[in-house]
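K.L.:
The following file, coords-v1.cif, comprises mmCIF, C-alpha atoms:
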data_structure
loop_
_atom_site.label_atom_id
_atom_site.label_comp_id
_atom_site.auth_asym_id
_atom_site.auth_seq_id
_atom_site.Cartn_x
_atom_site.Cartn_y
_atom_site.Cartn_z
CA MET O 233 -23.05 -7.87 9.58
CA PHE O 234 -20.67 -5.02 8.83
CA SER O 235 -20.82 -3.40 5.40
CA GLU O 236 -18.05 -0.95 4.74
CA ASP O 237 -18.64 2.03 2.46
CA SER O 238 -16.66 1.17 -0.67
CA ASP O 239 -15.56 4.77 -1.24
CA CYS O 240 -14.27 5.11 2.31
CA ASN O 241 -12.64 1.70 2.13
CA SER O 242 -10.56 2.77 -0.87
CA LYS O 243 -8.82 5.51 1.11
CA PRO O 244 -5.35 4.61 2.42
CA VAL O 245 -4.89 4.10 6.15
CA MET O 246 -2.46 6.32 8.04
CA ILE O 247 -1.13 5.73 11.56
CA ARG O 248 -1.34 8.81 13.76
CA GLU O 249 1.80 8.55 15.91
CA VAL O 250 1.18 10.01 19.37
CA TRP O 251 3.98 11.44 21.50
CA ALA O 252 4.01 13.75 24.52
CA GLU O 253 3.81 16.88 22.35
CA ASN O 254 0.56 15.92 20.59
CA LEU O 255 -1.09 13.75 23.26
CA GLU O 256 -3.72 16.29 24.29
CA SER O 257 -4.71 17.23 20.74
CA GLU O 258 -5.05 13.59 19.66
CA PHE O 259 -7.24 12.78 22.66
CA GLU O 260 -9.40 15.79 21.79
CA LEU O 261 -9.86 14.28 18.33
CA ILE O 262 -10.73 10.88 19.75
CA SER O 263 -13.21 12.43 22.17
CA ASP O 264 -14.95 14.17 19.29
CA LEU O 265 -15.08 10.92 17.27
CA ILE O 266 -16.07 8.31 19.85
CA ASP O 267 -19.85 8.79 19.56
CA GLN O 268 -19.70 8.21 15.80
CA TYR O 269 -17.03 5.48 15.96
CA PRO O 270 -17.83 3.48 19.14
CA PHE O 271 -16.10 0.23 18.12
CA ILE O 272 -12.55 0.22 19.47
CA SER O 273 -9.94 -2.35 18.54
CA MET O 274 -6.94 -2.32 20.85
CA ASP O 275 -3.46 -3.81 20.99
CA THR O 276 -0.44 -3.19 23.20
CA GLU O 277 3.28 -3.82 23.01
CA PHE O 278 5.23 -4.59 26.17
CA PRO O 279 8.70 -5.96 27.01
CA GLY O 280 7.84 -9.65 26.81
CA TRP O 281 7.32 -11.96 29.77
CA TYR O 282 9.68 -11.60 32.68
CA SER O 283 8.92 -13.77 35.70
CA VAL O 284 7.20 -16.87 34.27
CA PRO O 285 6.38 -18.35 30.86
CA PRO O 286 3.46 -16.63 29.07
CA ALA O 287 0.67 -18.90 30.29
CA VAL O 288 -2.58 -16.99 30.53
CA ASN O 289 -3.81 -17.04 34.11
CA ASN O 290 -4.41 -14.33 36.64
CA SER O 291 -1.29 -14.93 38.76
CA SER O 292 1.09 -14.91 35.80
CA ALA O 293 -0.61 -11.85 34.31
CA CYS O 294 -0.35 -9.97 37.59
CA SER O 295 3.31 -10.78 38.22
CA ASN O 296 4.36 -9.85 34.69
CA VAL O 297 2.24 -6.72 34.32
CA ASP O 298 3.31 -5.43 37.73
CA ALA O 299 7.00 -5.98 36.91
CA LEU O 300 7.00 -4.48 33.41
CA CYS O 301 6.19 -1.20 31.64
CA LEU O 302 3.95 -0.49 28.69
CA ILE O 303 5.67 0.43 25.41
CA GLN O 304 2.83 1.11 22.95
CA VAL O 305 -0.96 1.18 22.74
CA GLY O 306 -2.70 0.96 19.38
CA LEU O 307 -6.31 2.01 18.86
CA THR O 308 -8.55 1.58 15.83
CA LEU O 309 -11.91 3.35 15.92
CA SER O 310 -14.76 2.22 13.67
CA ASP O 311 -18.45 2.87 13.18
CA ALA O 312 -21.19 0.24 13.02
CA ASN O 313 -20.55 -0.24 9.29
CA GLY O 314 -16.84 -0.88 9.71
CA ASN O 315 -15.70 2.54 8.51
CA LEU O 316 -12.67 4.28 9.99
CA PRO O 317 -12.57 8.06 10.61
CA ASP O 318 -11.19 10.09 7.71
CA LEU O 319 -11.22 13.48 9.48
CA GLY O 320 -12.49 15.04 6.25
CA THR O 321 -9.38 14.04 4.30
CA GLY O 322 -8.43 11.52 1.63
CA ASN O 323 -7.05 9.12 4.24
CA ARG O 324 -8.39 6.97 7.06
CA PHE O 325 -6.74 7.05 10.48
CA ILE O 326 -5.77 4.82 13.40
CA TRP O 327 -3.72 5.70 16.50
CA GLU O 328 -0.44 4.53 18.02
CA PHE O 329 0.63 5.86 21.44
CA ASN O 330 4.33 5.64 22.28
CA PHE O 331 5.20 5.57 26.00
CA ARG O 332 8.25 6.88 27.80
CA ASP O 333 7.94 4.75 30.96
CA PHE O 334 10.11 1.85 29.78
CA ASP O 335 13.89 2.25 30.00
CA VAL O 336 15.68 -0.67 28.35
CA ALA O 337 18.82 0.05 30.38
CA ARG O 338 17.01 -0.04 33.72
CA ASP O 339 13.71 -1.91 33.58
CA ALA O 340 12.91 -5.61 33.56
CA HIS O 341 12.40 -7.10 30.11
CA ALA O 342 12.85 -10.18 27.97
CA PRO O 343 15.86 -9.49 25.70
CA ASP O 344 14.41 -11.46 22.79
CA SER O 345 11.24 -9.36 22.89
CA ILE O 346 13.20 -6.10 22.86
CA GLU O 347 15.27 -7.28 19.90
CA LEU O 348 12.09 -8.22 18.02
CA LEU O 349 10.40 -4.88 18.72
CA SER O 350 13.55 -3.02 17.66
CA ARG O 351 13.64 -4.92 14.37
CA GLN O 352 10.00 -3.99 13.80
CA GLY O 353 10.81 -0.32 14.11
CA ILE O 354 10.25 0.70 17.72
CA ASP O 355 12.84 3.33 18.70
CA PHE O 356 13.35 2.92 22.44
CA ASP O 357 15.60 5.99 22.71
CA ARG O 358 12.96 8.19 21.09
CA ASN O 359 10.28 6.70 23.31
CA ARG O 360 12.29 7.68 26.39
CA GLU O 361 12.89 11.21 25.12
CA GLU O 362 9.60 12.06 23.42
CA GLY O 363 7.11 9.45 24.57
CA VAL O 364 3.87 9.76 26.50
CA ASP O 365 3.82 9.61 30.28
CA SER O 366 1.39 6.84 31.23
CA ALA O 367 -0.07 8.85 34.13
CA ARG O 368 -1.07 11.68 31.79
CA PHE O 369 -2.37 9.15 29.25
CA ALA O 370 -4.59 7.65 31.96
CA GLU O 371 -5.97 11.06 32.94
CA LEU O 372 -6.91 11.89 29.37
CA MET O 373 -8.27 8.40 28.68
CA MET O 374 -10.60 8.71 31.68
CA SER O 375 -12.22 11.85 30.26
CA SER O 376 -12.12 10.82 26.59
CA GLY O 377 -15.21 8.63 26.37
CA LEU O 378 -13.10 5.54 25.66
CA VAL O 379 -13.74 4.09 29.12
CA CYS O 380 -16.73 4.03 31.48
CA ASN O 381 -18.93 4.34 28.40
CA GLU O 382 -21.72 1.79 27.90
CA SER O 383 -22.00 2.69 24.21
CA VAL O 384 -18.48 1.49 23.41
CA SER O 385 -17.46 -2.01 22.28
CA TRP O 386 -13.88 -3.31 22.53
CA VAL O 387 -12.27 -5.77 20.10
CA THR O 388 -9.00 -7.48 21.02
CA PHE O 389 -6.82 -10.52 20.39
CA HIS O 390 -5.62 -12.65 23.34
CA SER O 391 -5.99 -9.59 25.51
CA ALA O 392 -5.60 -10.57 29.18
CA TYR O 393 -2.19 -8.86 29.24
CA ASP O 394 -3.34 -5.90 27.12
CA PHE O 395 -6.16 -5.11 29.52
CA GLY O 396 -3.90 -5.81 32.48
CA TYR O 397 -1.55 -3.02 31.43
CA LEU O 398 -4.43 -0.60 30.82
CA VAL O 399 -5.99 -1.39 34.21
CA LYS O 400 -2.58 -0.90 35.84
CA ILE O 401 -2.06 2.57 34.37
CA LEU O 402 -5.70 3.65 34.86
CA THR O 403 -5.68 2.70 38.55
CA ARG O 404 -2.03 3.63 39.17
CA ARG O 405 -1.59 0.58 41.37
CA SER O 406 -0.60 -3.06 41.15
CA LEU O 407 -3.16 -5.46 39.75
CA PRO O 408 -5.38 -7.23 42.28
CA SER O 409 -4.29 -10.79 42.93
CA GLY O 410 -7.82 -12.14 42.81
CA LEU O 411 -9.33 -12.89 39.42
CA GLU O 412 -12.84 -11.75 40.38
CA GLU O 413 -11.58 -8.39 41.60
CA PHE O 414 -9.55 -7.87 38.44
CA LEU O 415 -12.51 -8.72 36.21
CA SER O 416 -14.78 -6.46 38.25
CA ILE O 417 -12.42 -3.51 37.75
CA LEU O 418 -12.12 -4.39 34.08
CA ARG O 419 -15.89 -4.32 33.70
CA VAL O 420 -16.10 -0.88 35.34
CA PHE O 421 -13.65 0.62 32.84
CA PHE O 422 -14.42 -1.33 29.67
CA GLY O 423 -17.96 -2.64 30.13
CA THR O 424 -19.25 -6.03 29.03
CA LYS O 425 -19.12 -5.54 25.25
CA VAL O 426 -15.56 -6.87 25.01
CA TYR O 427 -14.74 -9.30 22.21
CA ASP O 428 -11.53 -11.34 22.29
CA VAL O 429 -10.91 -12.78 18.81
CA LYS O 430 -8.81 -15.56 20.34
CA HIS O 431 -11.89 -16.66 22.31
CA LEU O 432 -14.16 -16.43 19.26
CA MET O 433 -11.77 -18.72 17.38
CA LYS O 434 -12.82 -21.60 19.63
CA PHE O 435 -16.13 -21.61 17.76
CA CYS O 436 -14.65 -21.26 14.26
CA ALA O 437 -13.58 -24.34 12.35
CA SER O 438 -9.97 -24.25 11.05
CA LEU O 439 -8.92 -21.09 12.91
CA TYR O 440 -5.93 -21.40 15.25
CA GLY O 441 -2.62 -19.76 16.05
CA GLY O 442 -1.57 -16.15 16.42
CA LEU O 443 -2.99 -13.02 14.82
CA ASP O 444 -0.95 -13.17 11.61
CA ARG O 445 -1.77 -16.83 11.01
CA VAL O 446 -5.46 -16.21 11.59
CA ALA O 447 -5.40 -13.24 9.22
CA ARG O 448 -3.79 -15.36 6.50
CA THR O 449 -6.40 -18.09 6.95
CA LEU O 450 -9.16 -15.50 6.70
CA GLU O 451 -7.43 -13.87 3.70
CA VAL O 452 -7.28 -10.56 5.54
CA ASP O 453 -4.36 -8.33 4.57
CA ARG O 454 -2.42 -6.01 6.85
CA ALA O 455 -3.45 -2.57 5.62
CA VAL O 456 -0.62 -0.55 7.12
CA GLY O 457 2.51 -0.97 9.24
CA LYS O 458 4.22 -4.10 10.53
CA CYS O 459 3.41 -6.89 12.95
CA HIS O 460 4.34 -6.17 16.57
CA GLN O 461 3.48 -2.52 16.10
CA ALA O 462 0.45 -1.72 18.23
CA GLY O 463 -1.39 0.51 15.75
CA SER O 464 -1.01 -1.91 12.86
CA ASP O 465 -1.97 -4.91 14.99
CA SER O 466 -5.06 -3.15 16.34
CA LEU O 467 -6.30 -2.64 12.77
CA LEU O 468 -5.52 -6.20 11.71
CA THR O 469 -7.40 -7.42 14.80
CA TRP O 470 -10.39 -5.31 13.78
CA HIS O 471 -10.39 -6.64 10.22
CA ALA O 472 -10.05 -10.23 11.47
CA PHE O 473 -13.00 -9.68 13.80
CA GLN O 474 -15.10 -8.31 10.95
CA LYS O 475 -14.31 -11.29 8.74
CA ILE O 476 -14.99 -13.78 11.52
CA ARG O 477 -18.28 -12.10 12.34
CA ASP O 478 -19.39 -12.13 8.71
CA VAL O 479 -18.26 -15.70 7.94
CA TYR O 480 -18.90 -17.61 11.16
CA PHE O 481 -21.50 -15.61 13.08
CA GLU O 482 -23.71 -14.15 10.37
CA LYS O 483 -26.82 -15.91 11.70
CA ASP O 484 -26.52 -15.69 15.47
CA GLY O 485 -24.08 -12.81 15.96
CA THR O 486 -21.22 -12.57 18.43
CA GLU O 487 -23.04 -10.94 21.34
CA LYS O 488 -23.30 -14.08 23.47
CA TYR O 489 -19.50 -14.46 23.31
CA ALA O 490 -18.84 -10.97 24.68
CA GLY O 491 -17.18 -10.46 28.03
CA VAL O 492 -14.68 -13.33 27.83
CA LEU O 493 -10.93 -12.81 27.78
CA TYR O 494 -9.10 -15.81 26.35
CA GLY O 495 -7.75 -17.94 29.18
CA LEU O 496 -9.72 -16.16 31.91
CA GLU O 497 -13.21 -16.69 33.28
CA VAL O 498 -16.37 -15.09 32.00
CA PHE O 499 -17.20 -11.78 33.66
#
Could you quickly redo this structure as structure tokens?

P.N.:
Amino acid sequence: MFSEDSDCNSKPVMIREVWAENLESEFELISDLIDQYPFISMDTEFPGWYSVPPAVNNSSACSNVDALCLIQVGLTLSDANGNLPDLGTGNRFIWEFNFRDFDVARDAHAPDSIELLSRQGIDFDRNREEGVDSARFAELMMSSGLVCNESVSWVTFHSAYDFGYLVKILTRRSLPSGLEEFLSILRVFFGTKVYDVKHLMKFCASLYGGLDRVARTLEVDRAVGKCHQAGSDSLLTWHAFQKIRDVYFEKDGTEKYAGVLYGLEVF
């Protein structure tokens, strides 16, 4: 069970916005923190679903991820007690990476998704001008300790697409069409300690729906930001996971449910 330090928990949470100009310095921070905060909650934002409806299966994930570009990645780092890094300040911090790859005037997208993300505060013009190049992000991620690190655990919500985009930018190639090959690559980068809250919900009475609905049922508040912003959603996913673990898995733990992405096979 997680037990957050009450003093640390009282500190407000701040989102560290990452752009091209501060990408290297923020990855240096993360690299210094990862040994102490090896629990990583992750969320992405992308331009909706383009080629087929959003059913979760390997063929639909591949076709959509290959056709579309990543917009944001949110990361929340935590220690074994559920504490977030405070960097020696009066605040706690999470990260939101803004990418420049997507051009709304040129690239495939679902118009409704772009309208929603714009309403939630994503500035697509600024992303194009000041955002992170995904190739450089991948280079720094590879040497950061976030990936290929057996000590790290990943927490996500309905994350087949999230991991698809990360695998795409880390490998710099289209996703493999075969499910087993995709899951094998995923395991190389992210290990087997991957927890998908949407999968855990199958074993929790009364939990269903999307992230915000689940959070309301669990009486977990959004600590910072808005829904459909990757940093904010990564933190809400982490807090939902903590609550689920404490309420539903206090006796047996969640370890036996690791390594399953909702809608895909066990790896």

K.L.:
Would you compute the distance between atom CA of Gln461 of chain O and atom CA of Ile247 of chain O? Give it in Å to one decimal.

P.N.:
10.5 Å

K.L.:
If I put a ball of radius 12 Å at (-12.7, 8.5, 5.0) in the file's coordinates, which residues poke into it when counting only C-alpha atoms, written as an MDAnalysis selection string?

P.N.:
chainID O and resid 236:246 310:311 314:326

K.L.:
For the atom pair atom CA of Ala299 of chain O and atom CA of His341 of chain O, what is the interatomic distance in Å to one decimal place?

P.N.:
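So the answer is 8.8 Å.
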
K.L.:
May I ask for the distance between atom CA of Phe473 of chain O and atom CA of Trp327 of chain O, given in Å to one decimal place?

P.N.:
18.2 Å

K.L.:
Leaving out segment 427-431 of chain O and any residue of its chain fewer than 5 positions from it, which residues lie within 8 Å of it when counting all atoms listed in the file, given as a list in words?

P.N.:
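Near neighbours after the sequence-gap exclusion: Ser385, Trp386, Val387, Thr388, Phe389, His390, Ser391, Thr469, Ala472, Phe473, Tyr489, Ala490, Gly491, Val492, Leu493 and Tyr494 of chain O.
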
K.L.:
With C-alpha atoms kept, could you save the residues just selected as a JSON list (two decimals), in the frame of the given file?

P.N.:
[["chain", "number", "residue", "atom", "x", "y", "z"],
["O", 385, "SER", "CA", -17.46, -2.01, 22.28],
["O", 386, "TRP", "CA", -13.88, -3.31, 22.53],
["O", 387, "VAL", "CA", -12.27, -5.77, 20.10],
["O", 388, "THR", "CA", -9.00, -7.48, 21.02],
["O", 389, "PHE", "CA", -6.82, -10.52, 20.39],
["O", 390, "HIS", "CA", -5.62, -12.65, 23.34],
["O", 391, "SER", "CA", -5.99, -9.59, 25.51],
["O", 469, "THR", "CA", -7.40, -7.42, 14.80],
["O", 472, "ALA", "CA", -10.05, -10.23, 11.47],
["O", 473, "PHE", "CA", -13.00, -9.68, 13.80],
["O", 489, "TYR", "CA", -19.50, -14.46, 23.31],
["O", 490, "ALA", "CA", -18.84, -10.97, 24.68],
["O", 491, "GLY", "CA", -17.18, -10.46, 28.03],
["O", 492, "VAL", "CA", -14.68, -13.33, 27.83],
["O", 493, "LEU", "CA", -10.93, -12.81, 27.78],
["O", 494, "TYR", "CA", -9.10, -15.81, 26.35]]

K.L.:
Translate the PyMOL selection byres ((chain O and resi 394-401) around 7) into a concrete residue list for this structure, as a list in words.

P.N.:
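Matching residues under the PyMOL selection byres ((chain O and resi 394-401) around 7) are Asp275, Thr276, Val297, Leu302, Ser366, Ala367, Ala370, Ser391, Ala392, Tyr393, Leu402, Thr403, Arg404, Arg405, Ser406, Leu407 and Leu418 of chain O.
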
K.L.:
With all atoms listed in the file as the atoms that count, which of O:Gln304, O:Asn254, O:Ser345, O:Ser295 lies nearest to Met274 of chain O?

P.N.:
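Looking only at the distances to Met274 of chain O, the closest residue turns out to be O:Gln304.
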
K.L.:
Between O:Gly280, O:Ser375, O:Pro408, O:Leu467, which has the minimum distance to Glu347 of chain O (counting only C-alpha atoms)?

P.N.:
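Nearest to Glu347 of chain O: O:Gly280.
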
K.L.:
For the provided coordinates, the residues matched by the PyMOL selection byres ((chain O and resi 309) around 7) should be stated as a PyMOL selection string.

P.N.:
chain O and resi 269-273+307-308+310+316+326
